[in-house]
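Heads up, the thing below is written out as structure tokens.
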Amino acid sequence: MADHGAHYRHHGTQREPRRYPSIAPYASGSLAVGGGHRIYWEMCGNPLGTPALFLHGGPGGGCTKTDRRWFDPQRYCIVLFDQRGCGRSTPFGSLTDNTTEHLIEDIEKLRVHCGIERWVLMGGSWGATLALAYAQRFPERVRAMVLRGVFTARRSELRWLYENGVSHLFPDEWERFLAPIAPGERHDLISAYYEQLTCSDAATEMRAARAWCAWEDRLTTLLPAAPAYAESDPAQLALARIECHYFKHAAFLEEGQLIANAHLLHGIACVIVQGRYDVIAPPASAWDLARAWPQATLHIVPDGAHASSEPGNLRRLIMATDGFADCV
């Protein structure tokens with residue numbers, strides 16, 4: 001068995017986890033998936049390795065170079081893509097023909113395009129949502145799964161995040177999140193933000209996008225971190241528009257669908273990494289999923305929040321991908 005110690009940095013008797021070294025794609029392109037949409041895709045690592053698909057968050061977040069580094073590049077054939085309307089996919093920020101069902105079909109078209117029979121799925125937050133939805137639709141195409149910060153788009157999860165829940169922990173940030181919305185419209189913040197994010201006035205849309213993203217930014221890590229976006233970064237607009245579009249429609253899923261259909265995943269091994277102090281996707285959803293899915297192993301990270309970069313979350317995620325590297 002290969003020595004995987006190279007992706008840990010030693011500090012005294014402690015081992016600080018880190019991702020695998022930076023790599024470049026050996027293949028990439030733009031795949032037409034219908035409705036005028038084209039999705040950017042890339043393949044990295046070993047073409048003969050275990051196929052793995054990374055599903056980014058958001059929805060609307062896009063992939064980064066760092067996302068290539070969750071997998072041992074000598075043992076994995078790593079596939080990444082930007083979901084409809086974000087990252088390097090086009091048209092940028094488009095909400096037309098942009099639903100969970102469309103994304104599931106895109107993943108399957110990409111699998112066929114890449115010549116892959118079955119793959120390991122990895123996703124966190126919205127990436128976990130999409131991984132579950134795809135695997136429940138195409139279980140025969142999934143070898144194993146690695147999920148982080150489980151989010152299933154149930155009404156209770158959306159209320160917690162955008163109505164009456166985490167606002168009690170962050171009243172200062174909540175006040176800033178409320179600021180762009182008139183007092184008379186604050187009874188339904190997702191709909192109010194959706195109106196501003198799709199109003200066709202560039203200044204109004206960008207102001208709303210900055211506020212939407214700032215709220216999410218502050219909740220991501222256990223301790224305050226640098227903002228994910230620069231003030232004028234247009235990626236904020238794609239993320240906010242697409243995310244709000246999905247949440248306004250409950251992610252185009254039936255209430256409780258992903259937990260209720262966990263039986264469809266029978267026989268698929270899964271590792272769930274869940275931060276104890278994740279206030280974006282609280283541990284209750286990961287707990288419910290693990291109880292409904294006997295093959296899922298849940299690791300609650302005692303000092304973790306939502307971000308995959310936090311040391312405890314990162315360590316468990318690397319251990320999980322290493323563990324599935326030879327999955328057949």
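We name chains A, B, ... following the order of the structure tokens; residues begin at 1 in each chain, and ligands are numbered from 1 as shown.
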
Give me, as a VMD selection string, the residues of segment 40-182 of chain A that a backbone DSSP run labels alpha helix (DSSP H). chain A and resid 100 to 114 126 to 137 155 to 162 171 to 178

Just C-alpha atoms for this one: save the residues we selected as a PDB file, in the first residue's frame.
```pdb
ATOM      1  CA  THR A 100     -31.844  20.000  -9.468  1.00  0.00           C
ATOM      2  CA  GLU A 101     -33.211  17.646 -12.100  1.00  0.00           C
ATOM      3  CA  HIS A 102     -31.218  19.450 -14.791  1.00  0.00           C
ATOM      4  CA  LEU A 103     -28.043  19.124 -12.702  1.00  0.00           C
ATOM      5  CA  ILE A 104     -28.635  15.403 -12.130  1.00  0.00           C
ATOM      6  CA  GLU A 105     -28.962  14.915 -15.882  1.00  0.00           C
ATOM      7  CA  ASP A 106     -25.822  17.013 -16.456  1.00  0.00           C
ATOM      8  CA  ILE A 107     -23.832  14.737 -14.151  1.00  0.00           C
ATOM      9  CA  GLU A 108     -24.985  11.675 -16.032  1.00  0.00           C
ATOM     10  CA  LYS A 109     -24.148  13.247 -19.404  1.00  0.00           C
ATOM     11  CA  LEU A 110     -20.706  14.125 -18.063  1.00  0.00           C
ATOM     12  CA  ARG A 111     -20.167  10.558 -16.833  1.00  0.00           C
ATOM     13  CA  VAL A 112     -20.927   9.213 -20.299  1.00  0.00           C
ATOM     14  CA  HIS A 113     -18.788  11.910 -21.942  1.00  0.00           C
ATOM     15  CA  CYS A 114     -15.814  10.965 -19.739  1.00  0.00           C
ATOM     16  CA  TRP A 126     -25.099  21.843  -1.520  1.00  0.00           C
ATOM     17  CA  GLY A 127     -22.589  19.434  -3.063  1.00  0.00           C
ATOM     18  CA  ALA A 128     -23.835  16.833  -0.570  1.00  0.00           C
ATOM     19  CA  THR A 129     -27.441  17.607  -1.534  1.00  0.00           C
ATOM     20  CA  LEU A 130     -26.696  17.082  -5.210  1.00  0.00           C
ATOM     21  CA  ALA A 131     -24.621  13.955  -4.550  1.00  0.00           C
ATOM     22  CA  LEU A 132     -27.539  12.404  -2.658  1.00  0.00           C
ATOM     23  CA  ALA A 133     -30.064  13.364  -5.333  1.00  0.00           C
ATOM     24  CA  TYR A 134     -27.891  11.926  -8.108  1.00  0.00           C
ATOM     25  CA  ALA A 135     -27.058   8.736  -6.214  1.00  0.00           C
ATOM     26  CA  GLN A 136     -30.709   8.090  -5.420  1.00  0.00           C
ATOM     27  CA  ARG A 137     -31.527   8.461  -9.105  1.00  0.00           C
ATOM     28  CA  ARG A 155     -38.166  23.530   5.307  1.00  0.00           C
ATOM     29  CA  SER A 156     -36.702  23.351   8.815  1.00  0.00           C
ATOM     30  CA  GLU A 157     -33.190  23.853   7.401  1.00  0.00           C
ATOM     31  CA  LEU A 158     -34.204  26.859   5.308  1.00  0.00           C
ATOM     32  CA  ARG A 159     -36.145  28.399   8.208  1.00  0.00           C
ATOM     33  CA  TRP A 160     -33.121  27.961  10.453  1.00  0.00           C
ATOM     34  CA  LEU A 161     -30.870  29.789   8.005  1.00  0.00           C
ATOM     35  CA  TYR A 162     -33.177  32.503   6.645  1.00  0.00           C
ATOM     36  CA  PRO A 171     -27.786  39.165  15.703  1.00  0.00           C
ATOM     37  CA  ASP A 172     -25.197  41.669  14.474  1.00  0.00           C
ATOM     38  CA  GLU A 173     -24.679  39.893  11.156  1.00  0.00           C
ATOM     39  CA  TRP A 174     -28.420  39.245  10.875  1.00  0.00           C
ATOM     40  CA  GLU A 175     -29.087  42.967  11.125  1.00  0.00           C
ATOM     41  CA  ARG A 176     -26.719  43.543   8.209  1.00  0.00           C
ATOM     42  CA  PHE A 177     -28.459  40.777   6.243  1.00  0.00           C
ATOM     43  CA  LEU A 178     -31.845  42.447   6.833  1.00  0.00           C
TER      44      LEU A 178
END
```

Listing only residues of segment 78-147 of chain A within 10 Å of segment 290-299 of chain A, what is the closest atom pair and its distance in Å (to one decimal) for each, using only C-alpha atoms, sorted by chain and residue number ascending, as CSV?
```
residue,atom,partner,partner_atom,distance
A:Ala144,CA,A:Ala296,CA,9.7
A:Met145,CA,A:Ala296,CA,8.8
A:Val146,CA,A:Ala296,CA,9.4
A:Leu147,CA,A:Leu298,CA,9.4
```

Write out the residues from the selection above, keeping C-alpha atoms, as an mmCIF file, in the first residue's frame.
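Written output follows (part13.cif):
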```
data_model
loop_
_atom_site.group_PDB
_atom_site.id
_atom_site.type_symbol
_atom_site.label_atom_id
_atom_site.label_comp_id
_atom_site.auth_asym_id
_atom_site.auth_seq_id
_atom_site.Cartn_x
_atom_site.Cartn_y
_atom_site.Cartn_z
ATOM 1 C CA ALA A 144 -18.964 5.198 -2.663
ATOM 2 C CA MET A 145 -19.631 8.667 -1.270
ATOM 3 C CA VAL A 146 -17.895 11.265 0.896
ATOM 4 C CA LEU A 147 -20.241 13.949 2.236
#
```

Distance in Å - atom CA of Thr204 of chain A versus atom CA of Ala240 of chain A: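 Going from atom CA of Thr204 of chain A over to atom CA of Ala240 of chain A, I get 12.6 Å.
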
Closest of A:Pro73, A:Pro139, A:Pro21, A:Pro183 to Leu121 of chain A, counting only C-alpha atoms, is A:Pro139

Nearby residues (only C-alpha atoms) at most 8 Å from Ser285 of chain A, same-chain spacing under 6 positions excluded, as a short mmCIF file (atom, residue, chain, number, x, y, z; two decimals) with N, CA and C atoms, in the first residue's frame:
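Contents of the output file result_21.cif:
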```
data_model
loop_
_atom_site.label_atom_id
_atom_site.label_comp_id
_atom_site.auth_asym_id
_atom_site.auth_seq_id
_atom_site.Cartn_x
_atom_site.Cartn_y
_atom_site.Cartn_z
N VAL A 150 -23.96 18.02 5.77
CA VAL A 150 -25.14 17.56 5.03
C VAL A 150 -26.27 18.59 5.09
N PHE A 151 -26.76 18.94 3.91
CA PHE A 151 -27.89 19.85 3.73
C PHE A 151 -28.89 19.16 2.82
N THR A 152 -30.16 19.09 3.25
CA THR A 152 -31.16 18.37 2.44
C THR A 152 -32.30 19.26 1.99
#
```
